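The data block below is data37.pdb; it holds PDB, C-alpha atoms, pLDDT in the B column.
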ATOM      1  CA  MET N 284     134.842  45.500 -86.836  1.00 59.00           C
ATOM      2  CA  ASN N 285     134.721  43.528 -83.576  1.00 61.00           C
ATOM      3  CA  VAL N 286     135.389  46.694 -81.596  1.00 55.00           C
ATOM      4  CA  LEU N 287     132.673  48.581 -83.451  1.00 55.00           C
ATOM      5  CA  ARG N 288     130.213  45.750 -82.828  1.00 63.00           C
ATOM      6  CA  ALA N 289     131.124  45.645 -79.126  1.00 58.00           C
ATOM      7  CA  LEU N 290     130.373  49.373 -78.924  1.00 56.00           C
ATOM      8  CA  ASN N 291     127.050  48.847 -80.744  1.00 64.00           C
ATOM      9  CA  ILE N 292     128.139  51.051 -83.638  1.00 65.00           C
ATOM     10  CA  ALA N 293     126.530  50.145 -86.939  1.00 71.00           C
ATOM     11  CA  LEU N 294     128.240  51.437 -90.058  1.00 67.00           C
ATOM     12  CA  SER N 295     126.618  51.858 -93.426  1.00 76.00           C
ATOM     13  CA  ALA N 296     128.223  50.086 -96.368  1.00 78.00           C
ATOM     14  CA  ASP N 297     129.718  53.406 -97.527  1.00 77.00           C
ATOM     15  CA  GLU N 298     131.122  54.178 -94.049  1.00 70.00           C
ATOM     16  CA  ARG N 299     132.637  50.698 -93.836  1.00 70.00           C
ATOM     17  CA  THR N 300     134.233  51.085 -97.289  1.00 70.00           C
ATOM     18  CA  LEU N 301     135.669  54.480 -96.357  1.00 65.00           C
ATOM     19  CA  LEU N 302     136.953  53.229 -92.995  1.00 59.00           C
ATOM     20  CA  PHE N 303     138.784  50.266 -94.487  1.00 63.00           C
ATOM     21  CA  ALA N 304     139.839  51.806 -97.814  1.00 61.00           C
ATOM     22  CA  LYS N 305     143.429  52.225 -96.674  1.00 59.00           C
ATOM     23  CA  ARG N 306     143.595  48.939 -94.776  1.00 60.00           C
ATOM     24  CA  THR N 307     145.162  46.226 -96.901  1.00 58.00           C
ATOM     25  CA  ASN N 308     146.907  42.940 -96.312  1.00 57.00           C
ATOM     26  CA  ASP N 309     150.144  44.954 -96.326  1.00 59.00           C
ATOM     27  CA  THR N 310     148.791  47.013 -93.416  1.00 60.00           C
ATOM     28  CA  LEU N 311     147.809  43.862 -91.552  1.00 60.00           C
ATOM     29  CA  ASP N 312     151.260  42.379 -92.184  1.00 63.00           C
ATOM     30  CA  GLY N 313     152.846  45.597 -90.908  1.00 64.00           C
ATOM     31  CA  TYR N 314     150.842  45.419 -87.675  1.00 62.00           C
ATOM     32  CA  ARG N 315     151.765  41.745 -87.248  1.00 64.00           C
ATOM     33  CA  MET N 316     155.445  42.542 -87.677  1.00 64.00           C
ATOM     34  CA  LEU N 317     155.189  45.478 -85.255  1.00 63.00           C
ATOM     35  CA  THR N 318     153.417  43.316 -82.660  1.00 67.00           C
ATOM     36  CA  ASP N 319     156.106  40.630 -83.006  1.00 66.00           C
ATOM     37  CA  THR N 320     158.777  43.213 -82.121  1.00 71.00           C
ATOM     38  CA  LEU N 321     157.216  43.989 -78.745  1.00 70.00           C
ATOM     39  CA  GLY N 322     158.263  40.701 -77.212  1.00 63.00           C
ATOM     40  CA  ALA N 323     158.283  40.242 -73.467  1.00 52.00           C
ATOM     41  CA  ALA N 324     161.135  40.360 -71.021  1.00 43.00           C
ATOM     42  CA  PRO N 325     161.879  36.973 -69.495  1.00 42.00           C
ATOM     43  CA  ALA N 326     160.451  36.706 -65.973  1.00 48.00           C
ATOM     44  CA  GLU N 327     163.891  36.022 -64.504  1.00 42.00           C
ATOM     45  CA  ALA N 328     165.170  39.391 -65.807  1.00 41.00           C
ATOM     46  CA  ALA N 329     162.702  41.355 -63.706  1.00 42.00           C
ATOM     47  CA  PRO N 330     163.702  42.576 -60.264  1.00 45.00           C
ATOM     48  CA  PRO N 331     162.057  40.858 -57.309  1.00 46.00           C
ATOM     49  CA  PRO N 332     158.484  42.067 -56.843  1.00 48.00           C
ATOM     50  CA  THR N 333     157.692  44.537 -54.097  1.00 51.00           C
ATOM     51  CA  PRO N 334     155.876  42.672 -51.291  1.00 49.00           C
ATOM     52  CA  GLY N 335     152.128  43.162 -51.616  1.00 47.00           C
ATOM     53  CA  HIS N 336     152.426  44.752 -55.065  1.00 47.00           C
ATOM     54  CA  SER N 337     151.008  43.364 -58.269  1.00 48.00           C
ATOM     55  CA  TRP N 338     151.008  44.768 -61.787  1.00 47.00           C
ATOM     56  CA  LEU N 339     147.275  44.080 -61.687  1.00 43.00           C
ATOM     57  CA  ARG N 340     146.716  46.549 -58.826  1.00 48.00           C
ATOM     58  CA  TRP N 341     147.614  49.896 -60.354  1.00 48.00           C
ATOM     59  CA  LEU N 342     144.746  51.654 -58.578  1.00 44.00           C
ATOM     60  CA  ASP N 343     147.065  52.257 -55.605  1.00 50.00           C
ATOM     61  CA  ALA N 344     149.823  53.697 -57.789  1.00 52.00           C
ATOM     62  CA  ALA N 345     150.567  57.398 -57.885  1.00 53.00           C
ATOM     63  CA  SER N 346     149.914  59.175 -61.129  1.00 57.00           C
ATOM     64  CA  ALA N 347     153.087  61.086 -61.942  1.00 54.00           C
ATOM     65  CA  ASP N 348     152.646  64.833 -62.299  1.00 56.00           C
ATOM     66  CA  ALA N 349     154.184  66.871 -65.097  1.00 57.00           C
ATOM     67  CA  GLY N 350     157.689  67.851 -64.040  1.00 60.00           C
ATOM     68  CA  ASP N 351     157.978  64.860 -61.686  1.00 78.00           C
ATOM     69  CA  PRO N 352     161.564  63.489 -61.898  1.00 86.00           C
ATOM     70  CA  ASP N 353     160.303  59.914 -62.319  1.00 90.00           C
ATOM     71  CA  GLU N 354     157.890  60.885 -65.086  1.00 91.00           C
ATOM     72  CA  ASP N 355     160.592  62.909 -66.835  1.00 93.00           C
ATOM     73  CA  ALA N 356     162.992  59.955 -66.642  1.00 95.00           C
ATOM     74  CA  ILE N 357     160.340  57.515 -67.894  1.00 96.00           C
ATOM     75  CA  ARG N 358     159.435  59.815 -70.790  1.00 95.00           C
ATOM     76  CA  GLY N 359     163.163  60.003 -71.543  1.00 96.00           C
ATOM     77  CA  VAL N 360     163.361  56.194 -71.702  1.00 97.00           C
ATOM     78  CA  LEU N 361     160.400  56.097 -74.111  1.00 97.00           C
ATOM     79  CA  THR N 362     161.941  58.846 -76.245  1.00 97.00           C
ATOM     80  CA  GLU N 363     165.272  57.004 -76.401  1.00 98.00           C
ATOM     81  CA  TRP N 364     163.487  53.702 -77.154  1.00 97.00           C
ATOM     82  CA  ALA N 365     161.630  55.318 -80.086  1.00 97.00           C
ATOM     83  CA  ALA N 366     164.838  56.972 -81.348  1.00 98.00           C
ATOM     84  CA  ALA N 367     166.711  53.652 -81.109  1.00 98.00           C
ATOM     85  CA  LEU N 368     163.947  51.901 -83.049  1.00 97.00           C
ATOM     86  CA  GLN N 369     163.903  54.630 -85.686  1.00 97.00           C
ATOM     87  CA  ALA N 370     167.702  54.372 -86.012  1.00 98.00           C
ATOM     88  CA  LYS N 371     167.279  50.587 -86.297  1.00 98.00           C
ATOM     89  CA  ASP N 372     169.893  50.201 -83.564  1.00 98.00           C
ATOM     90  CA  LEU N 373     169.419  46.979 -81.585  1.00 97.00           C
ATOM     91  CA  SER N 374     172.169  47.844 -79.095  1.00 97.00           C
ATOM     92  CA  ARG N 375     170.404  51.124 -78.197  1.00 97.00           C
ATOM     93  CA  VAL N 376     167.069  49.307 -77.845  1.00 97.00           C
ATOM     94  CA  ALA N 377     168.762  46.785 -75.548  1.00 96.00           C
ATOM     95  CA  ALA N 378     170.359  49.607 -73.509  1.00 97.00           C
ATOM     96  CA  VAL N 379     166.940  50.932 -72.409  1.00 97.00           C
ATOM     97  CA  SER N 380     165.557  47.435 -71.784  1.00 96.00           C
ATOM     98  CA  LEU N 381     166.034  45.062 -68.864  1.00 93.00           C
ATOM     99  CA  ALA N 382     166.377  42.176 -71.309  1.00 91.00           C
ATOM    100  CA  MET N 383     165.847  41.236 -74.953  1.00 91.00           C
ATOM    101  CA  ASP N 384     165.543  37.649 -76.047  1.00 91.00           C
ATOM    102  CA  ASP N 385     166.605  36.175 -79.399  1.00 93.00           C
ATOM    103  CA  ALA N 386     163.004  36.053 -80.659  1.00 91.00           C
ATOM    104  CA  GLN N 387     162.544  39.769 -80.057  1.00 91.00           C
ATOM    105  CA  ARG N 388     165.917  40.576 -81.678  1.00 94.00           C
ATOM    106  CA  GLY N 389     164.923  38.522 -84.718  1.00 94.00           C
ATOM    107  CA  ALA N 390     161.510  40.192 -84.965  1.00 93.00           C
ATOM    108  CA  LEU N 391     163.089  43.645 -84.713  1.00 95.00           C
ATOM    109  CA  THR N 392     165.634  42.759 -87.393  1.00 96.00           C
ATOM    110  CA  ARG N 393     162.862  41.586 -89.751  1.00 94.00           C
ATOM    111  CA  TYR N 394     160.832  44.734 -89.053  1.00 93.00           C
ATOM    112  CA  PHE N 395     163.847  46.988 -89.627  1.00 96.00           C
ATOM    113  CA  ASP N 396     164.745  45.156 -92.859  1.00 96.00           C
ATOM    114  CA  ASN N 397     161.220  45.692 -94.220  1.00 94.00           C
ATOM    115  CA  ALA N 398     160.726  49.321 -93.098  1.00 96.00           C
ATOM    116  CA  ASP N 399     162.477  51.823 -95.365  1.00 97.00           C
ATOM    117  CA  ARG N 400     162.588  55.460 -94.183  1.00 97.00           C
ATOM    118  CA  LEU N 401     161.264  54.409 -90.769  1.00 97.00           C
ATOM    119  CA  ASN N 402     159.891  57.248 -88.634  1.00 97.00           C
ATOM    120  CA  ILE N 403     158.630  56.478 -85.111  1.00 97.00           C
ATOM    121  CA  SER N 404     156.902  58.870 -82.742  1.00 96.00           C
ATOM    122  CA  ILE N 405     155.474  58.503 -79.248  1.00 95.00           C
ATOM    123  CA  ALA N 406     152.485  60.581 -78.072  1.00 94.00           C
ATOM    124  CA  ASP N 407     149.755  60.728 -75.429  1.00 92.00           C
ATOM    125  CA  VAL N 408     151.967  59.391 -72.621  1.00 93.00           C
ATOM    126  CA  ASP N 409     150.410  58.644 -69.227  1.00 92.00           C
ATOM    127  CA  VAL N 410     152.591  57.448 -66.346  1.00 92.00           C
ATOM    128  CA  LEU N 411     151.782  55.657 -63.090  1.00 92.00           C
ATOM    129  CA  VAL N 412     154.556  55.080 -60.564  1.00 91.00           C
ATOM    130  CA  ALA N 413     154.594  52.666 -57.622  1.00 90.00           C
ATOM    131  CA  GLY N 414     157.972  52.707 -55.908  1.00 89.00           C
ATOM    132  CA  ASP N 415     160.554  51.282 -58.287  1.00 93.00           C
ATOM    133  CA  GLU N 416     157.963  50.113 -60.817  1.00 93.00           C
ATOM    134  CA  ALA N 417     155.988  52.127 -63.334  1.00 93.00           C
ATOM    135  CA  LEU N 418     153.398  51.723 -66.036  1.00 93.00           C
ATOM    136  CA  ALA N 419     153.435  54.048 -69.038  1.00 93.00           C
ATOM    137  CA  THR N 420     150.674  54.004 -71.624  1.00 93.00           C
ATOM    138  CA  PHE N 421     151.282  55.755 -74.919  1.00 93.00           C
ATOM    139  CA  THR N 422     150.516  55.865 -78.613  1.00 92.00           C
ATOM    140  CA  ARG N 423     153.219  54.720 -81.013  1.00 92.00           C
ATOM    141  CA  ARG N 424     153.056  55.854 -84.614  1.00 94.00           C
ATOM    142  CA  ASP N 425     155.259  54.225 -87.244  1.00 94.00           C
ATOM    143  CA  ALA N 426     155.515  55.568 -90.790  1.00 95.00           C
ATOM    144  CA  PHE N 427     157.649  53.826 -93.392  1.00 95.00           C
ATOM    145  CA  VAL N 428     157.810  52.492 -96.913  1.00 96.00           C
ATOM    146  CA  ASP N 429     157.076  48.767 -96.977  1.00 93.00           C
ATOM    147  CA  LYS N 430     160.032  47.231 -98.802  1.00 94.00           C
ATOM    148  CA  ARG N 431     158.009  44.271-100.106  1.00 89.00           C
ATOM    149  CA  SER N 432     155.116  46.251-101.592  1.00 90.00           C
ATOM    150  CA  GLY N 433     156.654  49.708-102.027  1.00 93.00           C
ATOM    151  CA  LYS N 434     153.621  51.225-100.284  1.00 92.00           C
ATOM    152  CA  ASP N 435     153.661  54.003 -97.705  1.00 93.00           C
ATOM    153  CA  MET N 436     152.591  52.548 -94.365  1.00 91.00           C
ATOM    154  CA  GLN N 437     151.239  54.346 -91.327  1.00 90.00           C
ATOM    155  CA  LEU N 438     150.686  52.228 -88.240  1.00 89.00           C
ATOM    156  CA  GLU N 439     149.296  53.480 -84.952  1.00 88.00           C
ATOM    157  CA  VAL N 440     148.938  51.408 -81.805  1.00 88.00           C
ATOM    158  CA  ARG N 441     148.227  52.118 -78.140  1.00 89.00           C
ATOM    159  CA  LEU N 442     150.825  50.400 -75.951  1.00 89.00           C
ATOM    160  CA  SER N 443     151.549  49.839 -72.273  1.00 90.00           C
ATOM    161  CA  GLY N 444     155.125  49.701 -71.089  1.00 92.00           C
ATOM    162  CA  GLU N 445     156.162  48.214 -67.772  1.00 94.00           C
ATOM    163  CA  LEU N 446     159.301  49.822 -66.368  1.00 95.00           C
ATOM    164  CA  ALA N 447     161.526  49.140 -63.382  1.00 95.00           C
ATOM    165  CA  ARG N 448     164.095  51.326 -61.676  1.00 96.00           C
ATOM    166  CA  THR N 449     167.336  49.377 -61.331  1.00 94.00           C
ATOM    167  CA  GLU N 450     170.567  50.890 -60.066  1.00 93.00           C
ATOM    168  CA  GLY N 451     168.898  54.307 -60.150  1.00 93.00           C
ATOM    169  CA  HIS N 452     167.836  54.122 -63.814  1.00 96.00           C
ATOM    170  CA  TRP N 453     164.461  53.339 -65.375  1.00 97.00           C
ATOM    171  CA  LYS N 454     164.439  50.450 -67.878  1.00 97.00           C
ATOM    172  CA  LEU N 455     161.713  48.852 -69.967  1.00 95.00           C
ATOM    173  CA  LYS N 456     160.597  45.454 -68.646  1.00 93.00           C
ATOM    174  CA  GLY N 457     158.212  44.838 -71.504  1.00 89.00           C
ATOM    175  CA  ILE N 458     155.784  46.445 -73.925  1.00 89.00           C
ATOM    176  CA  LYS N 459     152.265  45.159 -74.556  1.00 85.00           C
ATOM    177  CA  LYS N 460     149.415  46.182 -76.830  1.00 78.00           C
ATOM    178  CA  GLY N 461     146.557  47.945 -75.105  1.00 63.00           C
TER     179      GLY N 461
END

The structure in this file should be written as structure tokens.
Amino acid sequence: MNVLRALNIALSADERTLLFAKRTNDTLDGYRMLTDTLGAAPAEAAPPPTPGHSWLRWLDAASADAGDPDEDAIRGVLTEWAAALQAKDLSRVAAVSLAMDDAQRGALTRYFDNADRLNISIADVDVLVAGDEALATFTRRDAFVDKRSGKDMQLEVRLSGELARTEGHWKLKGIKKG
């Protein structure tokens, strides 16, 4: 509702009811659990920053073109990350990440334990590359049966992934909402 208000969109009572008919506390809990799994790579795990480069200055970054080897590799990392999550395989998730802390491992374990028949897809990927760093924005869709409630859940969130090329391979530094 805050987003709709910020965009000056007024909904009728019927439109509001229809919009939120499928949104329940179970859905909210699912989004909270998903958000907890994103975690953040510890700062010390990241490679040294490129002089004069900041993650806040992506305007100077090159947008990767379709068929670009870096974009293909980054899309491959995202595909493997989603497959590892869907398989509920922490070691595979860690293999495409620079680092995973205990809090993130615990959050992933809780999410996996609660999500029966988990299906994860990645769509709408945009990639920006600046040297050995990249930013990928994408939509993640999770579908599963919530173990606690028995309800079918469908979560969709737009994410930004920071990646770094280390030893010739792209790895996820961290994933953030938005």

Using all atoms listed in the file, tabulate the residues of stretch 335-417 of chain N lying at most 7 Å from any atom of stretch 424-427 of chain N, each with its closest atom pair and that distance in Å to one decimal, by chain and increasing residue number, as a tab-separated table.
residue	atom	partner	partner_atom	distance
N:Ala398	CA	N:Phe427	CA	5.5
N:Asp399	CA	N:Phe427	CA	5.6
N:Arg400	CA	N:Phe427	CA	5.3
N:Leu401	CA	N:Phe427	CA	4.5
N:Asn402	CA	N:Ala426	CA	5.2
N:Ile403	CA	N:Asp425	CA	4.6
N:Ser404	CA	N:Arg424	CA	5.2
N:Ile405	CA	N:Arg424	CA	6.5

From N:Ala367, N:Ala296, N:Ile458, N:Leu442, residue lying nearest N:Ala382 [only C-alpha atoms]:
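Among the listed residues, N:Ile458 lies closest to N:Ala382.
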
Please indicate the distance in Å from atom CA of N:Val428 to atom CA of N:Phe395, rounded to one decimal place.
10.9 Å

State, in Å with one decimal place, the distance from atom CA of N:Arg358 to atom CA of N:Asp409.
9.2 Å

Every residue with an atom at most 9 Å from (153.6, 50.9, -96.8) (file coordinates; all atoms listed in the file) is what I'm after, so could you write them as a ChimeraX atom specification?
/N:309-310,313,398,426-437

Just to be explicit: take each residue in the selection above, keep C-alpha atoms, and write the result as a tab-separated table (two decimals), in the coordinates of the input.
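The resulting file, out.tsv, is reproduced below:
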chain	number	residue	atom	x	y	z
N	309	ASP	CA	150.14	44.95	-96.33
N	310	THR	CA	148.79	47.01	-93.42
N	313	GLY	CA	152.85	45.60	-90.91
N	398	ALA	CA	160.73	49.32	-93.10
N	426	ALA	CA	155.51	55.57	-90.79
N	427	PHE	CA	157.65	53.83	-93.39
N	428	VAL	CA	157.81	52.49	-96.91
N	429	ASP	CA	157.08	48.77	-96.98
N	430	LYS	CA	160.03	47.23	-98.80
N	431	ARG	CA	158.01	44.27	-100.11
N	432	SER	CA	155.12	46.25	-101.59
N	433	GLY	CA	156.65	49.71	-102.03
N	434	LYS	CA	153.62	51.22	-100.28
N	435	ASP	CA	153.66	54.00	-97.70
N	436	MET	CA	152.59	52.55	-94.36
N	437	GLN	CA	151.24	54.35	-91.33

Every residue with an atom at most 8 Å from (168.5, 58.6, -67.0) (file coordinates; all atoms listed in the file) is what I'm after, so could you write them as a list of chain:residue names?
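Protein, DNA and RNA residues close to (168.5, 58.6, -67.0): N:Ala356, N:Gly359, N:Val360, N:His452, N:Trp453.
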
Quick one: which residues end up in the PyMOL selection byres ((chain N and resi 378) around 10) for this structure, as a PyMOL selection string?
chain N and resi 360+363-364+367+373-377+379-383+454-455

I'd like the interatomic distance between atom CA of N:Leu391 and atom CA of N:Val440, to a tenth of an Å.
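Separation of atom CA of N:Leu391 and atom CA of N:Val440: 16.4 Å.
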
Here is a test: counting all atoms listed in the file, which residue of N:Val408, N:Lys371, N:Gly444, N:Ala366 is nearest to N:Arg393?
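That would be N:Lys371, the residue with the smallest distance to N:Arg393.
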
May I ask which of the residues N:Ala293, N:Leu361, N:Ala370, N:Ala390 is the closest one to N:Ser443, counting only C-alpha atoms?
N:Leu361

Smallest atom-to-atom distance to N:Val412: which of N:Leu368, N:Thr362, N:Leu446, N:Glu298, using all atoms listed in the file?
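Of N:Leu368, N:Thr362, N:Leu446, N:Glu298, the one nearest N:Val412, counting all atoms listed in the file, is N:Leu446.
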
Nearest to N:Ala365 among N:Ala413, N:Lys456, N:Ala406, N:Asn397, with distances taken over all atoms listed in the file: which residue is it?
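Nearest to N:Ala365: N:Ala406.
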
Residue with smallest distance to N:Tyr394 - pool N:Ala419, N:Ala447, N:Leu411, N:Leu321, counting all atoms listed in the file:
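Of all the options, N:Leu321 lies closest to N:Tyr394.
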